[in-house]
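Peer 1: Pasting model09.pdb below, which is PDB, C-alpha atoms, pLDDT in the B column.
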```pdb
ATOM      1  CA  MET A 792      52.249 107.585 148.563  1.00 43.00           C
ATOM      2  CA  LYS A 793      51.317 110.523 146.331  1.00 42.00           C
ATOM      3  CA  SER A 794      54.977 111.196 145.673  1.00 46.00           C
ATOM      4  CA  ASN A 795      55.485 107.612 144.525  1.00 47.00           C
ATOM      5  CA  ARG A 796      52.559 107.865 142.101  1.00 44.00           C
ATOM      6  CA  LEU A 797      53.965 111.088 140.645  1.00 40.00           C
ATOM      7  CA  SER A 798      57.360 109.451 140.182  1.00 43.00           C
ATOM      8  CA  SER A 799      55.787 106.469 138.414  1.00 43.00           C
ATOM      9  CA  LEU A 800      53.848 108.755 136.094  1.00 39.00           C
ATOM     10  CA  ALA A 801      57.021 110.685 135.270  1.00 42.00           C
ATOM     11  CA  ILE A 802      58.856 107.469 134.364  1.00 42.00           C
ATOM     12  CA  LEU A 803      55.960 106.306 132.178  1.00 40.00           C
ATOM     13  CA  SER A 804      55.908 109.683 130.419  1.00 43.00           C
ATOM     14  CA  VAL A 805      59.639 109.512 129.653  1.00 37.00           C
ATOM     15  CA  THR A 806      59.317 105.921 128.413  1.00 40.00           C
ATOM     16  CA  ALA A 807      56.441 106.850 126.123  1.00 38.00           C
ATOM     17  CA  LEU A 808      58.434 109.744 124.749  1.00 36.00           C
ATOM     18  CA  VAL A 809      61.408 107.480 123.983  1.00 36.00           C
ATOM     19  CA  LEU A 810      59.223 104.861 122.306  1.00 37.00           C
ATOM     20  CA  ALA A 811      57.495 107.487 120.222  1.00 39.00           C
ATOM     21  CA  THR A 812      60.767 108.916 118.930  1.00 37.00           C
ATOM     22  CA  PRO A 813      61.820 107.318 115.599  1.00 36.00           C
ATOM     23  CA  ILE A 814      65.213 105.609 115.748  1.00 34.00           C
ATOM     24  CA  VAL A 815      67.430 105.672 112.627  1.00 35.00           C
ATOM     25  CA  TRP A 816      69.968 102.853 112.525  1.00 36.00           C
ATOM     26  CA  GLY A 817      73.186 103.274 110.582  1.00 44.00           C
ATOM     27  CA  ASN A 818      72.428 106.811 109.432  1.00 48.00           C
ATOM     28  CA  THR A 819      75.905 108.151 108.770  1.00 51.00           C
ATOM     29  CA  GLY A 820      74.952 111.052 106.542  1.00 68.00           C
ATOM     30  CA  VAL A 821      76.642 109.476 103.498  1.00 81.00           C
ATOM     31  CA  SER A 822      74.623 109.847 100.306  1.00 90.00           C
ATOM     32  CA  ASP A 823      73.799 106.968  97.976  1.00 90.00           C
ATOM     33  CA  SER A 824      75.856 108.533  95.192  1.00 91.00           C
ATOM     34  CA  GLU A 825      78.897 108.751  97.459  1.00 91.00           C
ATOM     35  CA  ILE A 826      78.474 105.111  98.494  1.00 92.00           C
ATOM     36  CA  ASN A 827      78.128 104.070  94.842  1.00 93.00           C
ATOM     37  CA  ALA A 828      81.329 105.857  93.887  1.00 93.00           C
ATOM     38  CA  LYS A 829      83.262 104.300  96.772  1.00 92.00           C
ATOM     39  CA  VAL A 830      82.021 100.784  95.988  1.00 93.00           C
ATOM     40  CA  VAL A 831      82.923 101.103  92.303  1.00 93.00           C
ATOM     41  CA  GLN A 832      86.354 102.444  93.201  1.00 93.00           C
ATOM     42  CA  ARG A 833      87.038  99.593  95.616  1.00 92.00           C
ATOM     43  CA  LEU A 834      85.901  96.941  93.127  1.00 93.00           C
ATOM     44  CA  ASN A 835      88.140  98.445  90.474  1.00 93.00           C
ATOM     45  CA  GLN A 836      91.095  98.399  92.874  1.00 92.00           C
ATOM     46  CA  LYS A 837      90.471  94.704  93.571  1.00 90.00           C
ATOM     47  CA  LYS A 838      90.126  93.981  89.832  1.00 90.00           C
ATOM     48  CA  VAL A 839      86.773  92.296  90.303  1.00 90.00           C
ATOM     49  CA  GLY A 840      85.852  92.844  86.683  1.00 82.00           C
ATOM     50  CA  PRO A 841      84.228  95.390  84.391  1.00 87.00           C
ATOM     51  CA  ASP A 842      80.854  93.621  84.184  1.00 90.00           C
ATOM     52  CA  VAL A 843      79.685  94.138  87.778  1.00 94.00           C
ATOM     53  CA  ASP A 844      76.682  96.423  88.279  1.00 94.00           C
ATOM     54  CA  VAL A 845      76.317  98.507  91.440  1.00 95.00           C
ATOM     55  CA  LYS A 846      73.021 100.039  92.558  1.00 95.00           C
ATOM     56  CA  VAL A 847      72.527 101.936  95.819  1.00 94.00           C
ATOM     57  CA  GLU A 848      69.199 102.853  97.380  1.00 93.00           C
ATOM     58  CA  ASP A 849      68.791 104.120 100.945  1.00 91.00           C
ATOM     59  CA  GLY A 850      72.196 102.731 101.868  1.00 89.00           C
ATOM     60  CA  MET A 851      71.494  99.258 100.467  1.00 94.00           C
ATOM     61  CA  VAL A 852      74.018  98.192  97.835  1.00 94.00           C
ATOM     62  CA  THR A 853      72.776  95.647  95.288  1.00 96.00           C
ATOM     63  CA  LEU A 854      75.441  93.919  93.212  1.00 96.00           C
ATOM     64  CA  GLY A 855      74.605  92.448  89.811  1.00 95.00           C
ATOM     65  CA  GLY A 856      76.248  91.598  86.528  1.00 94.00           C
ATOM     66  CA  THR A 857      78.764  88.807  85.935  1.00 92.00           C
ATOM     67  CA  VAL A 858      82.250  87.693  86.999  1.00 93.00           C
ATOM     68  CA  GLU A 859      84.464  84.795  85.926  1.00 92.00           C
ATOM     69  CA  SER A 860      84.715  82.893  89.241  1.00 92.00           C
ATOM     70  CA  VAL A 861      82.918  82.454  92.534  1.00 93.00           C
ATOM     71  CA  ALA A 862      85.946  83.937  94.306  1.00 94.00           C
ATOM     72  CA  LEU A 863      85.443  87.233  92.457  1.00 93.00           C
ATOM     73  CA  LYS A 864      81.775  87.210  93.441  1.00 94.00           C
ATOM     74  CA  GLU A 865      82.706  86.728  97.093  1.00 94.00           C
ATOM     75  CA  THR A 866      85.371  89.417  96.858  1.00 94.00           C
ATOM     76  CA  ALA A 867      82.861  91.880  95.442  1.00 94.00           C
ATOM     77  CA  GLY A 868      80.437  91.295  98.304  1.00 94.00           C
ATOM     78  CA  SER A 869      83.152  91.442 100.944  1.00 93.00           C
ATOM     79  CA  GLU A 870      84.728  94.631  99.615  1.00 92.00           C
ATOM     80  CA  ALA A 871      81.396  96.409  99.173  1.00 92.00           C
ATOM     81  CA  SER A 872      80.367  95.632 102.748  1.00 92.00           C
ATOM     82  CA  ARG A 873      83.443  97.449 104.044  1.00 90.00           C
ATOM     83  CA  ILE A 874      82.176 100.831 102.847  1.00 89.00           C
ATOM     84  CA  LYS A 875      80.920 103.100 105.633  1.00 86.00           C
ATOM     85  CA  GLY A 876      77.207 103.879 105.499  1.00 85.00           C
ATOM     86  CA  ILE A 877      76.009 100.626 103.908  1.00 89.00           C
ATOM     87  CA  SER A 878      72.990  98.927 105.469  1.00 88.00           C
ATOM     88  CA  SER A 879      73.112  95.646 103.491  1.00 92.00           C
ATOM     89  CA  VAL A 880      74.679  94.111 100.369  1.00 94.00           C
ATOM     90  CA  PRO A 881      72.465  91.720  98.370  1.00 95.00           C
ATOM     91  CA  ASN A 882      74.897  89.911  96.076  1.00 95.00           C
ATOM     92  CA  ASN A 883      73.126  88.940  92.829  1.00 95.00           C
ATOM     93  CA  ILE A 884      76.280  88.574  90.737  1.00 94.00           C
ATOM     94  CA  LEU A 885      76.292  85.599  88.374  1.00 92.00           C
ATOM     95  CA  VAL A 886      79.376  83.548  87.560  1.00 91.00           C
ATOM     96  CA  ASP A 887      79.722  83.408  83.789  1.00 86.00           C
ATOM     97  CA  ALA A 888      83.081  82.691  82.186  1.00 78.00           C
ATOM     98  CA  GLY A 889      81.755  81.607  78.838  1.00 78.00           C
ATOM     99  CA  ALA A 890      82.431  78.102  77.556  1.00 78.00           C
ATOM    100  CA  VAL A 891      84.827  76.760  80.180  1.00 90.00           C
ATOM    101  CA  SER A 892      84.622  72.961  80.281  1.00 93.00           C
ATOM    102  CA  ASP A 893      84.828  70.928  83.469  1.00 95.00           C
ATOM    103  CA  ASP A 894      88.064  69.381  82.186  1.00 95.00           C
ATOM    104  CA  LYS A 895      89.649  72.823  81.869  1.00 96.00           C
ATOM    105  CA  ILE A 896      88.412  73.785  85.329  1.00 96.00           C
ATOM    106  CA  LEU A 897      89.877  70.622  86.866  1.00 97.00           C
ATOM    107  CA  HIS A 898      93.167  71.090  85.028  1.00 97.00           C
ATOM    108  CA  ALA A 899      93.510  74.690  86.225  1.00 97.00           C
ATOM    109  CA  ALA A 900      92.475  73.817  89.775  1.00 97.00           C
ATOM    110  CA  SER A 901      94.942  70.917  89.930  1.00 96.00           C
ATOM    111  CA  ARG A 902      97.728  73.139  88.644  1.00 96.00           C
ATOM    112  CA  GLY A 903      96.896  75.762  91.257  1.00 96.00           C
ATOM    113  CA  ILE A 904      96.970  73.200  94.076  1.00 96.00           C
ATOM    114  CA  ARG A 905     100.283  71.744  92.891  1.00 93.00           C
ATOM    115  CA  GLY A 906     101.697  75.252  92.932  1.00 93.00           C
ATOM    116  CA  TYR A 907     100.577  75.771  96.524  1.00 95.00           C
ATOM    117  CA  SER A 908     103.803  75.684  98.539  1.00 92.00           C
ATOM    118  CA  PHE A 909     102.214  73.988 101.558  1.00 95.00           C
ATOM    119  CA  TYR A 910     100.714  71.056  99.643  1.00 96.00           C
ATOM    120  CA  THR A 911     102.788  68.014 100.613  1.00 96.00           C
ATOM    121  CA  ILE A 912     102.961  64.256 100.065  1.00 97.00           C
ATOM    122  CA  PHE A 913     101.071  63.890 103.353  1.00 98.00           C
ATOM    123  CA  ASP A 914      97.980  65.610 101.905  1.00 98.00           C
ATOM    124  CA  ASN A 915      95.573  64.188  99.346  1.00 97.00           C
ATOM    125  CA  ILE A 916      93.231  66.320  97.200  1.00 97.00           C
ATOM    126  CA  GLU A 917      90.510  64.952  94.923  1.00 97.00           C
ATOM    127  CA  LEU A 918      88.470  67.173  92.605  1.00 97.00           C
ATOM    128  CA  LYS A 919      85.233  66.712  90.695  1.00 97.00           C
ATOM    129  CA  SER A 920      83.443  69.308  88.585  1.00 96.00           C
ATOM    130  CA  VAL A 921      79.937  69.248  87.126  1.00 95.00           C
ATOM    131  CA  ASN A 922      78.903  72.363  85.191  1.00 93.00           C
ATOM    132  CA  GLY A 923      81.401  74.443  87.146  1.00 94.00           C
ATOM    133  CA  GLN A 924      80.235  73.173  90.536  1.00 95.00           C
ATOM    134  CA  VAL A 925      83.409  71.774  92.093  1.00 97.00           C
ATOM    135  CA  LEU A 926      83.547  69.188  94.866  1.00 98.00           C
ATOM    136  CA  VAL A 927      86.813  69.124  96.834  1.00 98.00           C
ATOM    137  CA  SER A 928      87.486  66.021  98.930  1.00 98.00           C
ATOM    138  CA  GLY A 929      90.446  64.237 100.473  1.00 97.00           C
ATOM    139  CA  GLN A 930      92.619  64.925 103.491  1.00 98.00           C
ATOM    140  CA  VAL A 931      95.010  67.611 104.732  1.00 98.00           C
ATOM    141  CA  THR A 932      97.229  67.720 107.800  1.00 96.00           C
ATOM    142  CA  GLN A 933      96.457  71.325 108.838  1.00 95.00           C
ATOM    143  CA  PRO A 934      93.118  73.176 109.120  1.00 95.00           C
ATOM    144  CA  TRP A 935      94.409  76.317 107.420  1.00 96.00           C
ATOM    145  CA  ARG A 936      95.393  74.263 104.359  1.00 97.00           C
ATOM    146  CA  ARG A 937      91.753  73.284 103.972  1.00 97.00           C
ATOM    147  CA  GLU A 938      90.752  76.959 103.737  1.00 97.00           C
ATOM    148  CA  ASP A 939      93.653  77.883 101.450  1.00 97.00           C
ATOM    149  CA  ILE A 940      92.867  75.101  98.980  1.00 98.00           C
ATOM    150  CA  GLY A 941      89.198  76.089  98.965  1.00 97.00           C
ATOM    151  CA  ARG A 942      90.195  79.626  97.991  1.00 96.00           C
ATOM    152  CA  ILE A 943      92.557  78.367  95.283  1.00 97.00           C
ATOM    153  CA  VAL A 944      89.787  76.335  93.669  1.00 97.00           C
ATOM    154  CA  ALA A 945      87.245  79.159  93.992  1.00 96.00           C
ATOM    155  CA  SER A 946      89.564  81.511  92.097  1.00 95.00           C
ATOM    156  CA  VAL A 947      89.669  79.300  88.987  1.00 96.00           C
ATOM    157  CA  ARG A 948      87.942  80.797  85.964  1.00 94.00           C
ATOM    158  CA  GLY A 949      84.573  79.167  85.377  1.00 94.00           C
ATOM    159  CA  VAL A 950      84.031  77.846  88.917  1.00 95.00           C
ATOM    160  CA  ARG A 951      80.453  78.638  89.958  1.00 93.00           C
ATOM    161  CA  SER A 952      80.506  77.062  93.416  1.00 94.00           C
ATOM    162  CA  VAL A 953      82.827  75.100  95.684  1.00 96.00           C
ATOM    163  CA  GLU A 954      81.829  72.374  98.122  1.00 97.00           C
ATOM    164  CA  ASN A 955      84.848  71.920 100.369  1.00 97.00           C
ATOM    165  CA  ASN A 956      84.672  68.483 102.016  1.00 98.00           C
ATOM    166  CA  LEU A 957      88.365  68.223 102.852  1.00 98.00           C
ATOM    167  CA  GLU A 958      89.008  66.292 106.053  1.00 98.00           C
ATOM    168  CA  VAL A 959      91.543  67.724 108.511  1.00 97.00           C
ATOM    169  CA  LEU A 960      93.596  64.825 109.856  1.00 97.00           C
ATOM    170  CA  PRO A 961      94.188  64.553 113.625  1.00 95.00           C
ATOM    171  CA  LEU A 962      97.291  66.268 114.969  1.00 91.00           C
ATOM    172  CA  SER A 963      99.261  63.307 116.333  1.00 94.00           C
ATOM    173  CA  PRO A 964     103.001  62.803 117.001  1.00 95.00           C
ATOM    174  CA  PHE A 965     102.437  59.061 116.502  1.00 96.00           C
ATOM    175  CA  ASP A 966     100.926  59.633 113.046  1.00 96.00           C
ATOM    176  CA  ASN A 967     103.716  62.070 112.162  1.00 96.00           C
ATOM    177  CA  GLU A 968     106.370  59.468 112.957  1.00 96.00           C
ATOM    178  CA  ILE A 969     104.598  56.945 110.730  1.00 96.00           C
ATOM    179  CA  ARG A 970     104.386  59.503 107.899  1.00 97.00           C
ATOM    180  CA  PHE A 971     108.112  60.199 107.865  1.00 96.00           C
ATOM    181  CA  ARG A 972     109.129  56.557 108.264  1.00 96.00           C
ATOM    182  CA  VAL A 973     106.920  55.423 105.388  1.00 97.00           C
ATOM    183  CA  ALA A 974     108.009  58.340 103.178  1.00 97.00           C
ATOM    184  CA  ARG A 975     111.691  57.546 103.729  1.00 97.00           C
ATOM    185  CA  ALA A 976     111.141  53.862 102.990  1.00 97.00           C
ATOM    186  CA  ILE A 977     109.282  54.585  99.736  1.00 97.00           C
ATOM    187  CA  TYR A 978     111.432  57.343  98.310  1.00 97.00           C
ATOM    188  CA  ARG A 979     114.724  55.671  99.244  1.00 96.00           C
ATOM    189  CA  ASP A 980     113.792  52.408  97.541  1.00 96.00           C
ATOM    190  CA  PRO A 981     115.938  51.777  94.415  1.00 96.00           C
ATOM    191  CA  VAL A 982     112.835  51.295  92.273  1.00 96.00           C
ATOM    192  CA  LEU A 983     111.079  54.460  93.464  1.00 96.00           C
ATOM    193  CA  TYR A 984     113.804  56.875  94.583  1.00 94.00           C
ATOM    194  CA  ARG A 985     113.740  58.848  91.301  1.00 94.00           C
ATOM    195  CA  TYR A 986     110.241  60.052  92.198  1.00 94.00           C
ATOM    196  CA  GLY A 987     111.679  61.811  95.236  1.00 92.00           C
ATOM    197  CA  PHE A 988     113.533  64.248  92.974  1.00 92.00           C
ATOM    198  CA  GLN A 989     110.379  65.381  91.192  1.00 91.00           C
ATOM    199  CA  ALA A 990     108.752  68.702  92.011  1.00 89.00           C
ATOM    200  CA  TYR A 991     105.502  66.844  92.705  1.00 91.00           C
ATOM    201  CA  PRO A 992     106.235  63.316  93.977  1.00 95.00           C
ATOM    202  CA  PRO A 993     103.324  61.087  92.930  1.00 95.00           C
ATOM    203  CA  ILE A 994     102.989  58.862  96.016  1.00 97.00           C
ATOM    204  CA  HIS A 995     101.027  60.454  98.840  1.00 98.00           C
ATOM    205  CA  ILE A 996     101.003  58.980 102.336  1.00 98.00           C
ATOM    206  CA  ILE A 997      97.846  59.603 104.346  1.00 98.00           C
ATOM    207  CA  VAL A 998      97.968  58.621 108.007  1.00 97.00           C
ATOM    208  CA  LYS A 999      94.961  58.758 110.324  1.00 97.00           C
ATOM    209  CA  ASN A1000      94.940  57.309 113.830  1.00 96.00           C
ATOM    210  CA  GLY A1001      97.739  54.912 113.006  1.00 95.00           C
ATOM    211  CA  ASN A1002      96.265  53.729 109.686  1.00 96.00           C
ATOM    212  CA  VAL A1003      98.135  54.300 106.403  1.00 97.00           C
ATOM    213  CA  THR A1004      96.651  54.930 102.963  1.00 97.00           C
ATOM    214  CA  LEU A1005      98.773  55.256  99.823  1.00 97.00           C
ATOM    215  CA  THR A1006      97.358  57.344  96.959  1.00 97.00           C
ATOM    216  CA  GLY A1007      98.691  58.571  93.633  1.00 96.00           C
ATOM    217  CA  VAL A1008      99.479  57.375  90.116  1.00 95.00           C
ATOM    218  CA  LEU A1009     102.533  55.311  89.115  1.00 95.00           C
ATOM    219  CA  ASN A1010     103.956  54.062  85.832  1.00 94.00           C
ATOM    220  CA  ASN A1011     103.435  50.331  86.302  1.00 94.00           C
ATOM    221  CA  SER A1012     102.155  47.585  88.593  1.00 94.00           C
ATOM    222  CA  LEU A1013     105.650  46.702  89.844  1.00 96.00           C
ATOM    223  CA  GLU A1014     106.077  50.163  91.354  1.00 96.00           C
ATOM    224  CA  LYS A1015     102.727  49.808  93.118  1.00 96.00           C
ATOM    225  CA  ILE A1016     103.831  46.509  94.645  1.00 96.00           C
ATOM    226  CA  VAL A1017     107.224  47.902  95.685  1.00 97.00           C
ATOM    227  CA  ALA A1018     105.610  50.936  97.354  1.00 97.00           C
ATOM    228  CA  GLU A1019     103.376  48.688  99.421  1.00 96.00           C
ATOM    229  CA  ARG A1020     106.256  46.400 100.347  1.00 96.00           C
ATOM    230  CA  ALA A1021     108.415  49.331 101.460  1.00 96.00           C
ATOM    231  CA  SER A1022     105.569  50.716 103.543  1.00 95.00           C
ATOM    232  CA  ARG A1023     104.899  47.432 105.345  1.00 92.00           C
ATOM    233  CA  PHE A1024     108.398  47.242 106.818  1.00 90.00           C
ATOM    234  CA  ALA A1025     108.810  50.969 107.521  1.00 92.00           C
ATOM    235  CA  ALA A1026     106.868  51.455 110.759  1.00 88.00           C
ATOM    236  CA  THR A1027     104.426  49.975 113.207  1.00 86.00           C
ATOM    237  CA  TYR A1028     100.861  50.891 112.298  1.00 87.00           C
ATOM    238  CA  PHE A1029      97.383  49.421 112.459  1.00 91.00           C
ATOM    239  CA  GLY A1030      96.483  49.020 108.794  1.00 94.00           C
ATOM    240  CA  LEU A1031      97.617  49.709 105.219  1.00 95.00           C
ATOM    241  CA  ASP A1032      95.310  50.541 102.297  1.00 96.00           C
ATOM    242  CA  ASN A1033      97.096  50.661  98.947  1.00 96.00           C
ATOM    243  CA  GLN A1034      95.010  52.898  96.658  1.00 96.00           C
ATOM    244  CA  LEU A1035      97.855  53.619  94.241  1.00 96.00           C
ATOM    245  CA  ARG A1036      96.810  53.501  90.595  1.00 95.00           C
ATOM    246  CA  VAL A1037      98.711  52.617  87.441  1.00 94.00           C
ATOM    247  CA  GLU A1038      98.633  54.788  84.301  1.00 89.00           C
ATOM    248  CA  SER A1039      97.742  51.873  82.015  1.00 83.00           C
ATOM    249  CA  GLU A1040      94.735  51.006  84.207  1.00 80.00           C
ATOM    250  CA  ILE A1041      93.489  54.589  84.091  1.00 82.00           C
ATOM    251  CA  ALA A1042      93.869  54.695  80.299  1.00 75.00           C
ATOM    252  CA  LYS A1043      91.930  51.445  79.964  1.00 71.00           C
ATOM    253  CA  GLU A1044      89.103  52.756  82.143  1.00 74.00           C
ATOM    254  CA  ALA A1045      88.875  55.852  79.957  1.00 71.00           C
ATOM    255  CA  THR A1046      88.352  53.750  76.814  1.00 74.00           C
ATOM    256  CA  ASP A1047      85.790  51.357  78.329  1.00 65.00           C
TER     257      ASP A1047
END
```
Mind turning this structure into structure tokens?
Peer 2:
Amino acid sequence: MKSNRLSSLAILSVTALVLATPIVWGNTGVSDSEINAKVVQRLNQKKVGPDVDVKVEDGMVTLGGTVESVALKETAGSEASRIKGISSVPNNILVDAGAVSDDKILHAASRGIRGYSFYTIFDNIELKSVNGQVLVSGQVTQPWRREDIGRIVASVRGVRSVENNLEVLPLSPFDNEIRFRVARAIYRDPVLYRYGFQAYPPIHIIVKNGNVTLTGVLNNSLEKIVAERASRFAATYFGLDNQLRVESEIAKEATD
């Protein structure tokens, strides 16, 4: 019995000693000045911008200053956190690209999306911007396209934030068959076939659970009617929603 008590006392003594010993987390022996130099070097390599401020204190890197897009802000935080010896990275960088209007932001973002090689007529992207805060909505056929398009928009000069509400459509062989049948019917029609030769065909075909939605902008009302007619006889589906718009209607709305 005495031996057991002595053993218990020994364990308690060791435990007390361990608890009393200060534990230093993340102490790598790297000085603040070394961390600062490495962060600045990495940000320069990634061309984050000359107006980013870096301050290091006890291994904590605080980022300040300004950049021209939210993507650059995120890049700065991500790259800084990769440096060995850092305890945390408060990212206080502000997005300030000067006087960049929402119209210019939307134009640049739209151009970037059109240049994205995986953006097809089976995807639909809608953009809105208010004071550089961009809302992305619509549908895409693959989850990785949702992330790619979010990054494209975030990289636009003047974008302060991105709310990515893109819907990823279900992966369905049935829906895929409808997509291709409707696309062939539309772009082989004598009235509409010329659109099929364009780099960015204007009619987009969105299929979800057997339901078809047509989106895009056409020259006149006749083309809108023909696109719907071609779609109706192309495949078996549950419903058709013709959301195609005509340029003259859009121009009239702008003047009202």
Peer 1: Find the spatial neighbours of Asn922 (chain A), counting only C-alpha atoms, within a cut-off of 9 Å - ignore same-chain residues fewer than 5 positions away - and output them as a PDB file with C-alpha atoms, in the coordinates of the input.
Peer 2:
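Ended up saving to around17.pdb:
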```pdb
ATOM      1  CA  VAL A 891      84.827  76.760  80.180  1.00 90.00           C
ATOM      2  CA  SER A 892      84.622  72.961  80.281  1.00 93.00           C
ATOM      3  CA  ASP A 893      84.828  70.928  83.469  1.00 95.00           C
ATOM      4  CA  GLY A 949      84.573  79.167  85.377  1.00 94.00           C
ATOM      5  CA  VAL A 950      84.031  77.846  88.917  1.00 95.00           C
ATOM      6  CA  ARG A 951      80.453  78.638  89.958  1.00 93.00           C
TER       7      ARG A 951
END
```
Peer 1: Counting all atoms listed in the file, which residues of region 964-995 of chain A fall within 12 Å of region 928-942 of chain A, and what is the closest atom pair for each with its distance in Å at one decimal, ordered by chain and rising number, as a Markdown table?
Peer 2:
```
| residue | atom | partner | partner_atom | distance |
| --- | --- | --- | --- | --- |
| A:Pro964 | CA | A:Thr932 | CA | 11.9 |
| A:Asp966 | CA | A:Thr932 | CA | 10.3 |
| A:Asn967 | CA | A:Thr932 | CA | 9.6 |
| A:Arg970 | CA | A:Thr932 | CA | 10.9 |
| A:His995 | CA | A:Gln930 | CA | 10.6 |
```
Peer 1: Quick one: residues within 7 Å of Val925 (chain A), only C-alpha atoms counted, chain neighbours fewer than 6 positions away excluded, as a ChimeraX atom specification?
Peer 2: /A:918-919,950,952-954
Peer 1: Using all atoms listed in the file, which of the listed residues (A:Asn915, A:Glu958, A:Leu983, A:Ala1021) sits closest to Gln1034 (chain A)?
Peer 2: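 With all atoms listed in the file as the atom set, the closest residue is A:Asn915.
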Peer 1: Which residue, A:Val843, A:Val852, A:Leu897, A:Ile1016, has the smallest gap to Gly876 (chain A) when you use only C-alpha atoms?
Peer 2: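 Residue with the minimum atom-to-atom distance to Gly876 (chain A): A:Val852.
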Peer 1: Do you know which residues are at most 10 Å from Arg948 (chain A) counting all atoms listed in the file, after dropping those on the same chain fewer than 2 positions away, and could you put them as an NGL selection string?
Peer 2: :A and (858-863 or 886-889 or 891 or 895-896 or 899-900 or 923 or 944-946 or 950-951)
Peer 1: Using only C-alpha atoms, pick whichever of A:Val947, A:Ile826, A:Val821, A:Val1008 has the shortest atom-to-atom distance to His898 (chain A).
Peer 2: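 The closest residue to His898 (chain A) is A:Val947.
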Peer 1: Give me the residues within 8 Å of Thr1004 (chain A) as a ChimeraX atom specification, counting all atoms listed in the file and dropping any in the same chain fewer than 4 places off.
Peer 2: /A:996-998,1031-1034
Peer 1: List the spatial neighbours of Thr1027 (chain A) as a short mmCIF file (atom, residue, chain, number, x, y, z; two decimals) with C-alpha atoms, in the coordinates of the input - criterion: any atom at most 10 Å away, all atoms listed in the file, same-chain residues fewer than 5 positions off excluded.
Peer 2:
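Heads up, here's the output in result11.cif:
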```
data_model
loop_
_atom_site.label_atom_id
_atom_site.label_comp_id
_atom_site.auth_asym_id
_atom_site.auth_seq_id
_atom_site.Cartn_x
_atom_site.Cartn_y
_atom_site.Cartn_z
CA PHE A 965 102.44 59.06 116.50
CA GLU A 968 106.37 59.47 112.96
CA ILE A 969 104.60 56.94 110.73
CA ARG A 972 109.13 56.56 108.26
CA VAL A 973 106.92 55.42 105.39
CA GLY A 1001 97.74 54.91 113.01
CA ASN A 1002 96.26 53.73 109.69
CA SER A 1022 105.57 50.72 103.54
#
```
Peer 1: Spell out the residues picked by the PyMOL selection byres ((chain A and resi 828-835) around 8) here, as a PyMOL selection string.
Peer 2: chain A and resi 824-827+836-841+845+867+870-871+874
Peer 1: Just to confirm, what's the straight-line distance from CA of Leu1035 (chain A) to CA of Arg905 (chain A) in Å (one decimal)?
Peer 2: 18.3 Å
Peer 1: Could you check the closest approach to Ser920 (chain A) for each of A:Ser1039, A:Ser878, A:Thr1006, A:Ser901 and tell me which residue wins, using only C-alpha atoms?
Peer 2: A:Ser901
Peer 1: In Å, how far is it from CA of Thr853 (chain A) to CA of Gly868 (chain A)?
Peer 2: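 CA of Gly868 (chain A) lies at a distance of 9.3 Å from CA of Thr853 (chain A).
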Peer 1: Ranking A:Arg1020, A:Phe909, A:Val1003, A:Val959 by minimum distance to Ala976 (chain A) and counting all atoms listed in the file, which one comes first?
Peer 2: A:Arg1020
Peer 1: Could the centre and edge lengths of an axis-aligned box, enclosing all atoms of region 968-987 of chain A in the file with 5 Å extra on each side, be given in Å to one decimal as lines of an AutoDock Vina configuration file?
Peer 2:
```
center_x = 110.2
center_y = 56.6
center_z = 102.1
size_x = 21.6
size_y = 20.5
size_z = 31.7
```
Peer 1: Restricting the calculation to only C-alpha atoms, which member of A:Pro981, A:Gly855, A:Pro881, A:Pro992 is positioned closest to Thr911 (chain A)?
Peer 2: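 Closest to Thr911 (chain A), using only C-alpha atoms: A:Pro992.
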Peer 1: For CA of Thr857 (chain A) and CA of Ile904 (chain A), quote the distance in Å rounded to one decimal.
Peer 2: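 Result for CA of Thr857 (chain A) versus CA of Ile904 (chain A): 25.3 Å, one decimal.
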Peer 1: Starting from the displayed file, determine the output of the PyMOL selection byres ((chain A and resi 961) around 8) and express the residue list as a ChimeraX atom specification.
Peer 2: /A:932,959-960,962-963,999-1000
